[in-house]
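**Student:** What follows is a single structure, and I will ask about it in a moment.
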Amino acid sequence: MATDNNRFQAIISHCKEYGFIFQSSEIYDGLSAVYDYGQWGSELKKNIRDYWWKSMTQMHENIVGIDAAIFMHPTTWKASGHVDNFSDPMIDNKDSKKRYRVDHLIEAKADELEKEGKKADADALLAEMDKLLAANDYEGLKKLIEDRKIKCTVSGTGNWTEVRQFNLMFSTQLGSVSEEASEIYLRPETAQGIFVNFLNVQKTGRMKIPFGIAQTGKAFRNEIVARQFIFRMREFEQMEMQFFIRPGSQKEWYEYWKEERMKWHLSLGIPKEKFRFHDHVKLAHYADAACDIEYEFPIGFKELEGIHSRTDFDLRNHQEYSKKKMQYFDSEINQNYIPYVVETSVGLDRTFMMILSEAYTEEDLSTADKQDSRVVLKIPPKLAPIKLAVLPLVKKDGLPEIAREIMDDCKSHFRCFYEEKDTIGKRYRRMDAIGTPFCITVDKQTKEDGTVTIRHRDSMQQDRIPATQVRELVQKHIG
Ligand code: GAP
């Protein structure tokens with residue numbers, strides 16, 4: 001059984017063993033902080049993405065979605081401030097040559113202090129760090145690291161360089177080398193694809209403020225400390241929404257979206273106490289207010305989603321750099337203005353990790369006669385990779401044919417899985433391990449009275465129901 005400390009490792013191993021997540025290019029020893037989603041991981045990820053998309057677009061009449069390209073004109077990133085500001089203070093250890101993000105290094109020390117029962121000291125350290133970061137005081141940060149005797153985890157020494165800024169964007173060349181090649185960036189956030197399309201969508205969709213544009217897609221960051229599985233990756237996926245509003249109304253909409261997004265997370269059945277808001281002390285270059293929704297991962301409370309009041313920073317800068325007007329005419333107040341924006345930005349991979357962290361359960365099922373246990377993923381049925389497993393008890397006597405008929409009735413409505421190999425107990429356990437909420441067994445009695453056994457994943461309770469009711473029952477639970 002996994003203890004609290006090794007629960008995270010147990011989840012990582014489970015992901016690999018059951019086809020959720022693999023190290024990228026594993027046959028070549030992998031690529032650091034890059035991961036591939038396997039057959040069940042990609043289904044779960046798609047279900048989370050679809051659930052977010054539906055709740056943002058279909059459930060909000062004033063929000064529409066787009067799908068912008070990853071490559072964007074390089075000036076985009078000048079206008080957005082990413083070329084000049086998208087960097088983190090870093091420090092290198094001179095002996096190991098390992099580079100660290102300064103805040104991560106200090107936070108790790110604070111975690112250590114907290115584990116030793118020195119909570120007040122840990123809080124004081126973090127408060128001091130926040131103050132120095134807000135003041136861009138790099139000398140002060142280095143001194144703090146030295147005074148606190150923070151050591152490199154590889155060399156074990158405190159032989160540090162100065163603190164420096166390090167840009168996180170990846171760049172590449174557009175066009176062949178012989179042509180006039182131009183340097184472009186892999187987008188570090190999806191949001192800019194929304195900003196540059198603001199007028200296209202507003203005009204063609206005849207959108208009236210307040211309205212939102214949603215998007216999901218890949219983003220890329222050359223993360224320095226990237227060793228927490230899918231929590232911090234170099235290629236990851238975001239689900240972002242920019243909400244365009246009248247200037248001056250940003251406080252009200254910021255509060256609205258904080259609450260709305262918290263409700264979304266709670267709708268996944270996760271207890272309230274696993275979440276908290278964390279207000280940013282040092283604001284990003286574009287924000288006038290910002291907070292994170294943090295979730296208590298097995299590695300502690302960490303950022304899951306950012307809610308940012310981005311003012312008119314992005315649209316104003318795009319207007320300046322592109323020389324195209326980013327104005328909106330508000331007929332209600334008879335005024336032209338550049339809209340303000342409140343953004344919600346959640347990591348798809350982090351949401352995936354949250355769902356797995358909540359779902360992963362090890363159960364001891366031992367009885368007086370027999371030792372037994374199971375690992376079950378209690379994924380909300382609406383997100384589960386497979387909704388229904390159809391299992392003929394034996395591979396003969398016409399049972400596979402009946403099972404196939406049930407598959408045919410259900411598979412165009414939701415993801416089903418058919419399996420006839422191994423004992424029924426082993427098949428149930430395999431389905432538990434990938435989070436399938438329902439299994440039905442077709443047996444001799446099915447031939448007599450048309451009923452099947454339906455087994456519920458979490459309770460392991462089994463009921464007898466008519467085969468004709470299977471589809472409806474599953475649909476009721478995943479709706
Ligand atoms: N457009 C605003 C923006 O990108 P952010 O706080 O930098 O804001 C938003 O990122 C979310 O994207 C984060 O809350 C996190 O869930 C996810 N995210 C950011 N960097 C990530 C990384 N390296 N790996 C996985 N997810 C990441």
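By order in the structure tokens, chains are A, B, ...; within a chain, residues start at 1; ligands start at 1, following the order shown.
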Pick out the residues sitting within 9 Å of Trp77 of chain A, and hand them over as a PDB file with all heavy atoms, in the first residue's frame; count only C-alpha atoms, and ignore anything fewer than 4 positions along from it in its own chain.
**Tutor:**
ATOM      1  N   MET A  72       3.006  32.120 -34.593  1.00  0.00           N
ATOM      2  CA  MET A  72       2.406  33.447 -34.755  1.00  0.00           C
ATOM      3  C   MET A  72       3.492  34.411 -35.227  1.00  0.00           C
ATOM      4  O   MET A  72       4.686  34.154 -35.058  1.00  0.00           O
ATOM      5  CB  MET A  72       1.832  33.926 -33.418  1.00  0.00           C
ATOM      6  CG  MET A  72       0.737  33.015 -32.892  1.00  0.00           C
ATOM      7  SD  MET A  72       0.016  33.628 -31.370  1.00  0.00           S
ATOM      8  CE  MET A  72      -0.891  35.031 -31.977  1.00  0.00           C
ATOM      9  N   HIS A  73       3.058  35.523 -35.789  1.00  0.00           N
ATOM     10  CA  HIS A  73       4.030  36.523 -36.236  1.00  0.00           C
ATOM     11  C   HIS A  73       4.924  36.912 -35.050  1.00  0.00           C
ATOM     12  O   HIS A  73       4.416  37.157 -33.950  1.00  0.00           O
ATOM     13  CB  HIS A  73       3.277  37.748 -36.774  1.00  0.00           C
ATOM     14  CG  HIS A  73       4.171  38.668 -37.514  1.00  0.00           C
ATOM     15  ND1 HIS A  73       5.053  39.505 -36.865  1.00  0.00           N
ATOM     16  CD2 HIS A  73       4.354  38.865 -38.845  1.00  0.00           C
ATOM     17  CE1 HIS A  73       5.733  40.178 -37.773  1.00  0.00           C
ATOM     18  NE2 HIS A  73       5.327  39.807 -38.992  1.00  0.00           N
ATOM     19  N   GLY A  81       4.903  41.457 -24.657  1.00  0.00           N
ATOM     20  CA  GLY A  81       5.867  41.649 -23.563  1.00  0.00           C
ATOM     21  C   GLY A  81       6.677  40.406 -23.280  1.00  0.00           C
ATOM     22  O   GLY A  81       7.578  40.430 -22.443  1.00  0.00           O
ATOM     23  N   HIS A  82       6.390  39.311 -23.994  1.00  0.00           N
ATOM     24  CA  HIS A  82       7.102  38.065 -23.669  1.00  0.00           C
ATOM     25  C   HIS A  82       8.582  38.113 -24.046  1.00  0.00           C
ATOM     26  O   HIS A  82       9.403  37.493 -23.386  1.00  0.00           O
ATOM     27  CB  HIS A  82       6.414  36.869 -24.347  1.00  0.00           C
ATOM     28  CG  HIS A  82       5.168  36.441 -23.651  1.00  0.00           C
ATOM     29  ND1 HIS A  82       3.953  37.059 -23.851  1.00  0.00           N
ATOM     30  CD2 HIS A  82       4.942  35.477 -22.722  1.00  0.00           C
ATOM     31  CE1 HIS A  82       3.041  36.491 -23.088  1.00  0.00           C
ATOM     32  NE2 HIS A  82       3.604  35.532 -22.392  1.00  0.00           N
ATOM     33  N   VAL A  83       8.923  38.825 -25.130  1.00  0.00           N
ATOM     34  CA  VAL A  83      10.341  38.881 -25.525  1.00  0.00           C
ATOM     35  C   VAL A  83      11.150  39.563 -24.412  1.00  0.00           C
ATOM     36  O   VAL A  83      12.226  39.100 -24.044  1.00  0.00           O
ATOM     37  CB  VAL A  83      10.513  39.631 -26.871  1.00  0.00           C
ATOM     38  CG1 VAL A  83      11.990  39.904 -27.154  1.00  0.00           C
ATOM     39  CG2 VAL A  83       9.881  38.830 -28.005  1.00  0.00           C
ATOM     40  N   ASP A  84      10.586  40.620 -23.848  1.00  0.00           N
ATOM     41  CA  ASP A  84      11.350  41.370 -22.847  1.00  0.00           C
ATOM     42  C   ASP A  84      11.147  40.880 -21.415  1.00  0.00           C
ATOM     43  O   ASP A  84      12.046  41.018 -20.590  1.00  0.00           O
ATOM     44  CB  ASP A  84      10.964  42.863 -22.910  1.00  0.00           C
ATOM     45  CG  ASP A  84      11.356  43.451 -24.261  1.00  0.00           C
ATOM     46  OD1 ASP A  84      12.391  43.022 -24.791  1.00  0.00           O
ATOM     47  OD2 ASP A  84      10.603  44.286 -24.791  1.00  0.00           O
ATOM     48  N   TYR A 185       8.681  32.083 -32.535  1.00  0.00           N
ATOM     49  CA  TYR A 185       8.639  31.413 -31.234  1.00  0.00           C
ATOM     50  C   TYR A 185       7.523  30.380 -31.196  1.00  0.00           C
ATOM     51  O   TYR A 185       6.489  30.553 -31.865  1.00  0.00           O
ATOM     52  CB  TYR A 185       8.397  32.447 -30.130  1.00  0.00           C
ATOM     53  CG  TYR A 185       9.499  33.472 -30.030  1.00  0.00           C
ATOM     54  CD1 TYR A 185       9.347  34.737 -30.579  1.00  0.00           C
ATOM     55  CD2 TYR A 185      10.703  33.156 -29.396  1.00  0.00           C
ATOM     56  CE1 TYR A 185      10.363  35.675 -30.501  1.00  0.00           C
ATOM     57  CE2 TYR A 185      11.721  34.085 -29.308  1.00  0.00           C
ATOM     58  CZ  TYR A 185      11.552  35.344 -29.861  1.00  0.00           C
ATOM     59  OH  TYR A 185      12.555  36.259 -29.793  1.00  0.00           O
ATOM     60  N   ARG A 187       4.528  29.270 -29.176  1.00  0.00           N
ATOM     61  CA  ARG A 187       3.781  30.115 -28.230  1.00  0.00           C
ATOM     62  C   ARG A 187       3.938  29.640 -26.773  1.00  0.00           C
ATOM     63  O   ARG A 187       3.777  28.440 -26.495  1.00  0.00           O
ATOM     64  CB  ARG A 187       2.292  30.175 -28.615  1.00  0.00           C
ATOM     65  CG  ARG A 187       1.580  28.843 -28.520  1.00  0.00           C
ATOM     66  CD  ARG A 187       0.130  28.954 -28.955  1.00  0.00           C
ATOM     67  NE  ARG A 187      -0.532  27.666 -28.834  1.00  0.00           N
ATOM     68  CZ  ARG A 187      -1.682  27.346 -29.408  1.00  0.00           C
ATOM     69  NH1 ARG A 187      -2.322  28.224 -30.171  1.00  0.00           N
ATOM     70  NH2 ARG A 187      -2.223  26.165 -29.241  1.00  0.00           N
ATOM     71  N   GLN A 192      -2.463  34.709 -26.686  1.00  0.00           N
ATOM     72  CA  GLN A 192      -2.197  35.709 -27.729  1.00  0.00           C
ATOM     73  C   GLN A 192      -2.928  35.390 -29.031  1.00  0.00           C
ATOM     74  O   GLN A 192      -3.267  36.293 -29.805  1.00  0.00           O
ATOM     75  CB  GLN A 192      -0.689  35.862 -27.978  1.00  0.00           C
ATOM     76  CG  GLN A 192       0.068  36.406 -26.773  1.00  0.00           C
ATOM     77  CD  GLN A 192      -0.486  37.731 -26.244  1.00  0.00           C
ATOM     78  OE1 GLN A 192      -0.911  38.596 -27.009  1.00  0.00           O
ATOM     79  NE2 GLN A 192      -0.504  37.890 -24.927  1.00  0.00           N
TER      80      GLN A 192
END
**Student:** Identify, on the basis of only C-alpha atoms, every residue whose closest approach to segment 200-205 of chain A does not exceed 9 Å; exclude the query and any residue fewer than 5 positions from it along the same chain; express the result as a PyMOL selection string.
**Tutor:** chain A and resi 64+66+194+211+213+328
**Student:** Given only C-alpha atoms as the basis, pick out the residue of A:Thr446, A:Leu125, A:Ala219, A:Gly140 nearest to Leu113 of chain A.
**Tutor:**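 Distance minimum relative to Leu113 of chain A lands on A:Leu125.
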**Student:** Produce as a list in words the set of residues near ligand 1, where near means within 6 Å with only C-alpha atoms and all ligand atoms considered.
**Tutor:**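 Using only C-alpha atoms and all ligand atoms, I find these residues within 6 Å of ligand 1: Glu189, Ala191, Phe231, Arg232, Met233, Arg234, Phe236, Gln238, Glu303, Leu304, Glu305, Gly306, Ser345, Val346, Gly347, Asp349 and Arg350 of chain A.
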**Student:** Given the selection you just returned, output its residues as a file containing N, CA, C and O atoms, formatted as a CSV table (one decimal), in the first residue's frame.
**Tutor:**
chain,number,residue,atom,x,y,z
A,189,GLU,N,1.9,30.8,-24.4
A,189,GLU,CA,0.6,30.8,-23.9
A,189,GLU,C,-0.4,30.8,-25.1
A,189,GLU,O,0.0,31.3,-26.2
A,191,ALA,N,-3.2,32.4,-25.1
A,191,ALA,CA,-3.9,33.7,-25.0
A,191,ALA,C,-3.7,34.6,-26.2
A,191,ALA,O,-4.7,35.3,-26.7
A,231,PHE,N,3.4,17.9,-14.0
A,231,PHE,CA,3.0,19.1,-13.3
A,231,PHE,C,3.7,20.3,-14.0
A,231,PHE,O,3.2,21.3,-14.2
A,232,ARG,N,5.0,20.1,-14.4
A,232,ARG,CA,5.8,21.2,-15.0
A,232,ARG,C,6.4,20.6,-16.2
A,232,ARG,O,7.4,19.9,-16.1
A,233,MET,N,5.9,20.9,-17.4
A,233,MET,CA,6.4,20.3,-18.6
A,233,MET,C,6.9,21.4,-19.5
A,233,MET,O,6.6,22.5,-19.4
A,234,ARG,N,7.7,20.9,-20.5
A,234,ARG,CA,8.2,21.9,-21.5
A,234,ARG,C,7.2,22.1,-22.7
A,234,ARG,O,7.1,23.1,-23.3
A,236,PHE,N,3.1,21.6,-23.0
A,236,PHE,CA,1.9,21.3,-22.2
A,236,PHE,C,0.6,21.9,-22.9
A,236,PHE,O,0.8,22.5,-24.0
A,238,GLN,N,-2.9,24.2,-22.5
A,238,GLN,CA,-3.7,25.1,-21.7
A,238,GLN,C,-5.2,25.2,-22.2
A,238,GLN,O,-5.5,24.9,-23.3
A,303,GLU,N,-0.2,25.5,-7.9
A,303,GLU,CA,-1.0,26.2,-8.8
A,303,GLU,C,-1.6,25.2,-9.9
A,303,GLU,O,-1.0,24.4,-10.5
A,304,LEU,N,-3.0,25.4,-10.0
A,304,LEU,CA,-3.7,24.6,-11.0
A,304,LEU,C,-4.2,25.6,-12.1
A,304,LEU,O,-4.2,25.2,-13.3
A,305,GLU,N,-4.7,26.7,-11.7
A,305,GLU,CA,-5.3,27.7,-12.7
A,305,GLU,C,-4.9,29.1,-12.3
A,305,GLU,O,-4.8,29.4,-11.1
A,306,GLY,N,-4.8,30.0,-13.3
A,306,GLY,CA,-4.6,31.4,-13.0
A,306,GLY,C,-5.8,32.2,-13.4
A,306,GLY,O,-6.3,31.9,-14.5
A,345,SER,N,-7.1,30.8,-17.0
A,345,SER,CA,-6.1,29.9,-17.7
A,345,SER,C,-5.8,28.7,-16.8
A,345,SER,O,-5.1,28.8,-15.8
A,346,VAL,N,-6.3,27.6,-17.3
A,346,VAL,CA,-6.0,26.4,-16.5
A,346,VAL,C,-5.2,25.4,-17.3
A,346,VAL,O,-5.4,25.3,-18.6
A,347,GLY,N,-4.3,24.7,-16.7
A,347,GLY,CA,-3.5,23.7,-17.4
A,347,GLY,C,-4.3,22.4,-17.5
A,347,GLY,O,-4.8,21.9,-16.5
A,349,ASP,N,-3.0,19.5,-18.4
A,349,ASP,CA,-2.2,18.4,-17.8
A,349,ASP,C,-2.3,18.4,-16.3
A,349,ASP,O,-2.3,17.4,-15.6
A,350,ARG,N,-2.3,19.7,-15.7
A,350,ARG,CA,-2.4,19.7,-14.3
A,350,ARG,C,-3.8,19.3,-13.8
A,350,ARG,O,-4.0,18.7,-12.7
**Student:** A:Ser13, A:Ser55, A:Gln445, A:Asn222: which is nearest Lys263 of chain A, counting only C-alpha atoms?
**Tutor:** A:Ser55
**Student:** Work out how far atom CA of Ser249 of chain A is from atom CA of Lys324 of chain A, in Å to one decimal.
**Tutor:**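 Answer for the atom CA of Lys324 of chain A to atom CA of Ser249 of chain A separation: 24.6 Å.
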**Student:** Could you jot down the atom CA of Lys115 of chain A to atom CA of Phe297 of chain A separation for me, Å, one decimal place?
**Tutor:** 16.1 Å
